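These notes are about the structure you will find just below.
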Amino acid sequence: MTAIGDILHLLVTANLWQSVLALSALLLLPALGGVISERSGVVNIAMEGMMLTGAFFAVYADLHLHNPWLAALLAMLAGALMALIHAVVSIRFRADQIVSGIAINIFAAGLTVFLIGRLYGLQDVGHIQNSEALPQIVIPGLSSIPFIGQVLFNQNVIVYVALIILVLTHVVLFRTRLGLRVRSVGEHPQAADTAGINVFRLRYGAVIISGILSGLAGAYLAIGISNTFVPNMTDGRGYIALAAMIFGKWTPFGAFIACLIFGLGEAIYYNNSIIHASPYLLSALPYILTLVVIAGLVGRSIPPAADGLPYVPGEE
Amino acid sequence: MGTGAVVARPRPRLPGIVRLARGLAMPVGSVLFAFVAGGVIVFVTGANPLGAYQGLLCGGAGLACAQGENSALQISNSLVYAIPLVMCGVAVALPFRAGLFNIGAEGQLLAGTITATAIGVHFAAWPAVILLPVVLVGGAVAGALWAGIAGVLKATTGAHEVVTTIMLNYAAQWLLRFLIIGGPLQPPGEFSASAPIGGNARLPTFLPNDSSVIVFGLPATVYRVHTGLIIAVLAAAVFAILLWRTSLGYEIRALGQSQKAARYAGVSVRRTVIVTMLIAGAFAGLAGAAQIAGVDHQMTDKYFSDTTGFDAIAVALLGLGSAVGIVLAALLFGALHSGGAVMQSDAGISSNLVLVLQALILFSIAANFLGAILRQIPGLGRRPSAPAPTAPGAALVTEASTALPEEGEPAT
């Protein structure tokens with residue numbers, strides 16, 4: 001029974017919850033991107049690829065420019081460009097959005113390793129100095145509050161950014177005209193079009209934002225956490241983000257709760273020397289949990305009505 | 001909507017040659033597009049596209065080899081890669097016909113490899129006549145069950161098969177890692193590999209397993225092409241017969257055309273969805289089993305990054321969901337995979353260029369020629385989409401409509 005006691009003990013340490021939040025933020029950014037894109041009616045399973053592209057360009061830029069902020073900006077740009085491909089292919093050409101998403105993910109996996117070969121040959125990509133990584137920000141005063149201070153106010157800068165974007169996404173989607181339009185475009189584009197809303201522009205915007213957020217998550221992973229790039233380093237996180245989006249029923253805060261649950265699982269693994277359950281089995285948990293949720297055991301999860309349907313003006 | 005009507009409308013019968021040319025235009029065009037765009041990427045990054053493609057051609061088809069590679073060996077390698085691609089291609093194409101998108105062939109293949117390995121190691125002492133079929137059937141059953149989860153969820157709760165199969169892919173990947181890294185399938189003294197399966201569990205190669213026999217200038221044992229090739233061709237044939245000559249095939253196609261119509265025709269939608277996924281999974285699981293029994297003989301960490309099940313999506317789409325098309329597309333992708341290795345060693349260009357080409361082929365099929373796919377594969381028709389000719393004009397119409405005053409927000 002000591003094992004259970006040890007886990008309970010682990011659950012009340014600030015260290016654990018600090019890494020839960022840090023790991024959740026990594027999933028939260030692409031999950032929010034997914035929420036925005038799918039709310040506008042474009043299915044997006046390409047967060048994995050956009051994240052990976054962002055991670056690569058963040059490292060490449062940081063190694064050359066020695067500036068993590070510029071590197072993060074370029075990572076967002078790279079993510080946005082990948083998203084633009086997805087947007088053009090699925091909105092302009094009305095391609096199957098799932099095929100396009102798969103193609104983005106394959107493209108990113110291939111392109112990043114191909115570019116490593118072209119740019120670095122057989123050498124390692126190289127390590128990012130701590131001084132040139134996205135910094136940990138300790139908020140003076142607040143961080144000295146016991147427990148909460150360490151969990152909430154001693155985090156990587158991107159964690160704060162992710163939390164701000166979370167609130168912003170919620171407010172914009174559910175409290176503004178723009179958000180209402182995005183959602184109407186995702187639920188009933190014909191009606192939205194009739195009301196004078198530009199369906200295509202909103203969908204392009206939503207997909208590109210999902211690329212920007214995923215690219216930023218890639219930068220956080222590569223130059224905030226790992227400080228290097230290795231092939232396929234996202235390792236399915238974009239898909240876990242997709243799972244979080246579904247788990248959270250296409251709402252920002254729902255997705256955040258799912259990210260926290262998935263982050264908790266990961267953090268327990270990193271922080272424990274007690275549980276002898278295989279880390280690999282633990283890694284399978286988010287996917288299995290999501291299957292359970294989708295199966296309707298924890299309430300139905302229903303996507304926006306026009307999710308995945310290319311919009312064709314004049315067709316009902 | 002109206003897609004069902006568009007797809008179902010009988011088209012005038014064209015002369016055979018014209019139909020063949022039309023059928024080939026889309027896939028051939030997509031491949032050409034991919035090679036041109038891929039060439040541009042290679043060129044822009046400062047390498048020589050022709051050198052890259054020479055390497056691909058050599059490694060894929062044994063032609064134009066710069067370093068005196070053995071042509072027969074390259075062709076053998078391409079075939080070895082093509083074998084699981086045919087079976088997984090079928091595993092994707094069959095559900096397509098029913099309007100289901102199985103992107104879980106990878107997970108189903110892994111379920112097959114795991115089961116085949118477990119059986120092949122555990123019952124190594126059994127005679128080959130019994131063990132080999134049990135290994136193959138075991139792999140197929142495991143794949144079927146893995147896909148069946150998605151099928152049952154789709155049929156009972158309406159859970160989208162794309163999402164469930166993605167989750168099942170990753171669940172299978174992590175299960176595999178668990179099993180062979182410190183798990184029950186890792187033998188003592190090995191790391192991230194299973195024990196090899198018994199000799200009786202192995203599919204024979206076409207050439208004698210004897211290194212003193214010289215074939216095309218190399219010992220016979222280096223040619224790994226195995227009798228799984230026959231299984232692959234049979235799988236494609238079974239797929240065609242099942243689809244066009246059985247009542248189940250009729251039900252699958254009816255379901256793909258229109259769920260409503262299928263229901264009126266007396267097709268049980270739920271049953272057909274589940275059965276389709278089971279059969280598809282069986283093909284993918286069989287691919288995994290054949291891969292273990294025919295080539296790899298054990299699970300290793302290379303399966304962590306296996307992409308056969310994802311490549312199969314491109315195979316099924318490029319092959320237009322037909323048996324012959326799938327075999328041809330699998331040969332192409334098998335050649336690309338095999339060619340990638342030679343390109344990397346000869347031209348110094350990462351074999352990952354092959355993934356880039358594959359993605360470009362997918363974009364091209366999905367974007368430029370979706371209309372053609374919709375006509376060829378009714379399965380994709382569930383997504384309403386306009387007939388291609390109206391596409392360019394239509395976009396402009398909506399652009400213009402923004403000029404109207406923004407009034408009358410729709411109530412939610």
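Just remember, in the structure tokens the first chain shown is A, the second B, etc., residues are 1-based per chain, and ligands are 1-based in the order shown.
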Handout entry: Long-range neighbours of Ala140 in chain B as a ChimeraX atom specification, 8 Å cut-off, only C-alpha atoms, 4 positions minimum in chain
Key = /B:112,136,144,281-287,289
Would you mind exporting C-alpha atoms of the selected residues as an mmCIF file, in the first residue's frame?
```
data_model
loop_
_atom_site.group_PDB
_atom_site.id
_atom_site.type_symbol
_atom_site.label_atom_id
_atom_site.label_comp_id
_atom_site.auth_asym_id
_atom_site.auth_seq_id
_atom_site.Cartn_x
_atom_site.Cartn_y
_atom_site.Cartn_z
ATOM 1 C CA GLY B 112 -1.447 -8.015 -36.518
ATOM 2 C CA LEU B 136 -1.427 -15.359 -40.439
ATOM 3 C CA ALA B 144 -10.119 -7.173 -37.452
ATOM 4 C CA GLY B 281 -8.925 -4.623 -40.283
ATOM 5 C CA ALA B 282 -8.352 -8.256 -41.190
ATOM 6 C CA PHE B 283 -6.514 -7.189 -44.354
ATOM 7 C CA ALA B 284 -4.314 -4.770 -42.422
ATOM 8 C CA GLY B 285 -3.687 -7.305 -39.664
ATOM 9 C CA LEU B 286 -2.771 -9.860 -42.317
ATOM 10 C CA ALA B 287 -0.301 -7.354 -43.752
ATOM 11 C CA ALA B 289 1.443 -10.823 -39.876
#
```
Practice task
Identify, on the basis of only C-alpha atoms, every residue whose closest approach to range 154-160 of chain A does not exceed 7 Å; exclude the query and any residue fewer than 4 positions from it along the same chain; express the result as a list in words.
Solution key: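 Contacts, in chain order: Ala22, Ala25, Leu134, Pro135, Gln136, Ile137, Val138, Ile139, Ser143, Gly149, Gln150, Ile164 and Tyr220 of chain A.
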Exercise for the section: Pick out the chain A residues within 7 Å of chain B. Count only C-alpha atoms. Give them as a PyMOL selection string. Expected result: chain A and resi 89+93-96+99-100+103-104+106-107+110-111+113-114+117-118+192+195-198+278+280-281+283-284+287-288+291+294-296+309-310+312-313+315-316
Practice task
Mind giving me the straight-line distance from CA of Val267 in chain B to CA of Glu251 in chain B in Å, one decimal?
Solution key: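 Separation between CA of Val267 in chain B and CA of Glu251 in chain B: 6.1 Å.
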Practice task
Report as a PyMOL selection string: the residues of range 47-136 of chain B with a DSSP assignment of helix (DSSP H, G or I), based on the backbone of this structure.
Solution key: chain B and resi 49-61+71-97+105-122+128-136
Handout entry: Near-Ala241 in chain A list (9 Å; only C-alpha atoms; drop same-chain fewer than 3 positions) as a list in words
Key = Leu26, Leu27, Leu28, Leu29, Pro30, Ala31, Leu32, Gly34, Met47, Glu48, Gly236, Arg237, Gly238, Ala244, Met245, Ile246, Ala255, Ala258 and Cys259 of chain A
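Atom to atom, CA of Val172 in chain A and CA of Gly101 in chain A stand 25.4 Å apart.
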Problem - Polymer residues at most 12 Å from Tyr269 in chain A, only C-alpha atoms, same-chain spacing of 6 or more positions, as a list in words - result: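 With the cut-off at 12 Å, the set is Ile7, Leu10, Leu11, Leu16, Ser19, Val20, Leu23, Phe262, Gly263, Ile275, His276, Ala277, Ser278, Pro279, Tyr280, Leu281, Leu282, Ser283 and Leu285 of chain A.
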Can I get the selection written as a short mmCIF file (atom, residue, chain, number, x, y, z; two decimals), in the first residue's frame, with N, CA and C atoms?
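Output file out08.cif follows:
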```cif
data_model
loop_
_atom_site.label_atom_id
_atom_site.label_comp_id
_atom_site.auth_asym_id
_atom_site.auth_seq_id
_atom_site.Cartn_x
_atom_site.Cartn_y
_atom_site.Cartn_z
N ILE A 7 1.90 7.91 -4.19
CA ILE A 7 1.26 8.68 -5.26
C ILE A 7 0.45 9.82 -4.65
N LEU A 10 2.71 12.42 -3.87
CA LEU A 10 3.14 13.11 -5.09
C LEU A 10 2.10 14.14 -5.52
N LEU A 11 0.83 13.78 -5.35
CA LEU A 11 -0.25 14.64 -5.81
C LEU A 11 -0.35 15.95 -5.03
N LEU A 16 4.81 18.65 -8.91
CA LEU A 16 3.97 17.90 -9.83
C LEU A 16 3.04 18.84 -10.58
N SER A 19 4.59 20.97 -13.24
CA SER A 19 4.82 20.34 -14.55
C SER A 19 3.51 19.96 -15.23
N VAL A 20 2.44 19.71 -14.44
CA VAL A 20 1.14 19.48 -15.09
C VAL A 20 0.77 20.67 -15.94
N LEU A 23 3.08 21.05 -19.03
CA LEU A 23 2.83 20.06 -20.09
C LEU A 23 1.45 20.29 -20.72
N PHE A 262 -4.69 15.08 -19.40
CA PHE A 262 -3.62 14.41 -20.13
C PHE A 262 -2.26 14.83 -19.57
N GLY A 263 -2.14 16.13 -19.22
CA GLY A 263 -0.89 16.64 -18.66
C GLY A 263 -0.58 15.99 -17.32
N ILE A 275 5.63 4.40 -9.25
CA ILE A 275 4.72 3.52 -9.97
C ILE A 275 5.53 2.68 -10.94
N HIS A 276 5.29 1.41 -10.91
CA HIS A 276 6.05 0.58 -11.83
C HIS A 276 5.26 0.23 -13.08
N ALA A 277 4.10 0.87 -13.23
CA ALA A 277 3.38 0.72 -14.49
C ALA A 277 4.29 1.24 -15.59
N SER A 278 4.26 0.56 -16.72
CA SER A 278 5.13 0.97 -17.82
C SER A 278 4.74 2.37 -18.28
N PRO A 279 5.73 3.25 -18.50
CA PRO A 279 5.42 4.58 -19.02
C PRO A 279 4.70 4.48 -20.37
N TYR A 280 4.97 3.39 -21.07
CA TYR A 280 4.37 3.27 -22.41
C TYR A 280 2.88 3.00 -22.31
N LEU A 281 2.50 2.22 -21.31
CA LEU A 281 1.07 2.01 -21.11
C LEU A 281 0.39 3.31 -20.70
N LEU A 282 1.08 4.07 -19.83
CA LEU A 282 0.52 5.37 -19.42
C LEU A 282 0.33 6.28 -20.63
N SER A 283 1.30 6.21 -21.56
CA SER A 283 1.21 7.07 -22.73
C SER A 283 0.01 6.73 -23.60
N LEU A 285 -2.84 6.02 -22.44
CA LEU A 285 -4.07 6.39 -21.73
C LEU A 285 -4.88 7.52 -22.38
#
```
Problem - Residues flagged strand (DSSP E or B) by DSSP in range 18-265 of chain A, as JSON, numbers by chain - result: {"A": [136, 137, 138, 154, 155, 156]}
Practice task
Please provide as a ChimeraX atom specification all residues within 10 Å of Gly249 in chain B, with the sequence filter that same-chain residues fewer than 2 positions apart are discarded (counting only C-alpha atoms).
Solution key: /B:94,97-98,239-247,251-255,272,276
Since we have the selection now, will you write its residues out, keeping N, CA and C atoms, as a tab-separated table (two decimals), in the first residue's frame?
```tsv
chain	number	residue	atom	x	y	z
B	94	LEU	N	-11.54	-0.54	-49.04
B	94	LEU	CA	-12.84	-1.20	-48.84
B	94	LEU	C	-13.79	-0.31	-48.03
B	97	ARG	N	-15.34	2.54	-49.93
B	97	ARG	CA	-16.50	2.20	-50.75
B	97	ARG	C	-17.79	2.25	-49.95
B	98	ALA	N	-17.66	2.08	-48.63
B	98	ALA	CA	-18.84	2.13	-47.78
B	98	ALA	C	-19.02	3.52	-47.19
B	239	PHE	N	-10.60	-8.71	-52.64
B	239	PHE	CA	-11.23	-7.39	-52.50
B	239	PHE	C	-12.15	-7.12	-53.68
B	240	ALA	N	-11.63	-7.36	-54.91
B	240	ALA	CA	-12.43	-7.08	-56.10
B	240	ALA	C	-13.67	-7.98	-56.16
B	241	ILE	N	-13.46	-9.27	-55.85
B	241	ILE	CA	-14.59	-10.20	-55.91
B	241	ILE	C	-15.63	-9.85	-54.85
B	242	LEU	N	-15.13	-9.59	-53.64
B	242	LEU	CA	-16.03	-9.23	-52.54
B	242	LEU	C	-16.88	-8.02	-52.90
B	243	LEU	N	-16.23	-7.05	-53.51
B	243	LEU	CA	-16.90	-5.79	-53.78
B	243	LEU	C	-17.91	-5.90	-54.92
B	244	TRP	N	-17.56	-6.66	-55.96
B	244	TRP	CA	-18.38	-6.65	-57.17
B	244	TRP	C	-19.18	-7.91	-57.39
B	245	ARG	N	-18.88	-8.98	-56.66
B	245	ARG	CA	-19.54	-10.24	-56.96
B	245	ARG	C	-20.31	-10.82	-55.78
B	246	THR	N	-20.38	-10.11	-54.67
B	246	THR	CA	-21.10	-10.67	-53.52
B	246	THR	C	-22.18	-9.69	-53.06
B	247	SER	N	-23.14	-10.23	-52.31
B	247	SER	CA	-24.21	-9.34	-51.85
B	247	SER	C	-23.67	-8.37	-50.80
B	251	GLU	N	-23.97	-4.34	-50.73
B	251	GLU	CA	-24.42	-3.55	-49.58
B	251	GLU	C	-23.40	-2.46	-49.23
B	252	ILE	N	-22.11	-2.83	-49.32
B	252	ILE	CA	-21.06	-1.85	-49.04
B	252	ILE	C	-21.15	-0.68	-50.01
B	253	ARG	N	-21.31	-1.02	-51.29
B	253	ARG	CA	-21.36	0.05	-52.29
B	253	ARG	C	-22.63	0.88	-52.13
B	254	ALA	N	-23.72	0.20	-51.80
B	254	ALA	CA	-24.98	0.93	-51.61
B	254	ALA	C	-24.84	1.92	-50.45
B	255	LEU	N	-24.20	1.46	-49.40
B	255	LEU	CA	-24.00	2.31	-48.22
B	255	LEU	C	-23.14	3.52	-48.58
B	272	THR	N	-23.53	-3.56	-41.73
B	272	THR	CA	-22.58	-3.38	-42.83
B	272	THR	C	-21.37	-2.57	-42.38
B	276	THR	N	-17.78	-4.26	-42.52
B	276	THR	CA	-16.78	-3.64	-43.39
B	276	THR	C	-15.49	-3.35	-42.62
```
Handout entry: Nearest residue to Ser338 in chain B from the set B:Ala323, B:Ala193, B:Met299, B:Leu57 (distances using only C-alpha atoms)
Key = B:Leu57
Problem - Distance criterion (only C-alpha atoms): nearest to Ile36 in chain A out of A:Val230, A:Ile128, A:Ile261, A:Ile165 - result: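 Of the candidates, the smallest distance to Ile36 in chain A is held by A:Ile165.
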Practice task
Find the residues around Phe229 in chain A up to 8 Å (only C-alpha atoms counted), leave out those fewer than 3 positions away in its own chain, and share them as a list in words.
Solution key: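 Answer for this query is Ala55, Phe56, Val59, Val125, Gly126, Ala222, Ser226 and Met233 of chain A.
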How about saving the chosen residues, N, CA and C atoms kept, as a short mmCIF file (atom, residue, chain, number, x, y, z; two decimals), in the first residue's frame?
```cif
data_model
loop_
_atom_site.label_atom_id
_atom_site.label_comp_id
_atom_site.auth_asym_id
_atom_site.auth_seq_id
_atom_site.Cartn_x
_atom_site.Cartn_y
_atom_site.Cartn_z
N ALA A 55 8.38 23.59 -34.57
CA ALA A 55 9.51 23.17 -33.74
C ALA A 55 10.81 23.26 -34.53
N PHE A 56 10.78 22.77 -35.76
CA PHE A 56 12.00 22.77 -36.57
C PHE A 56 12.48 24.19 -36.84
N VAL A 59 14.00 26.05 -33.85
CA VAL A 59 15.39 25.69 -33.55
C VAL A 59 16.33 26.27 -34.59
N VAL A 125 21.52 18.61 -35.08
CA VAL A 125 21.01 19.93 -35.35
C VAL A 125 21.69 20.95 -34.44
N GLY A 126 22.03 20.52 -33.25
CA GLY A 126 22.69 21.43 -32.31
C GLY A 126 21.78 21.80 -31.15
N ALA A 222 10.34 22.96 -28.66
CA ALA A 222 11.71 22.83 -29.16
C ALA A 222 12.69 23.77 -28.48
N SER A 226 12.74 21.19 -24.82
CA SER A 226 13.79 20.23 -25.20
C SER A 226 15.11 20.89 -25.56
N MET A 233 9.72 14.93 -33.19
CA MET A 233 9.78 15.17 -31.75
C MET A 233 8.41 15.46 -31.13
#
```
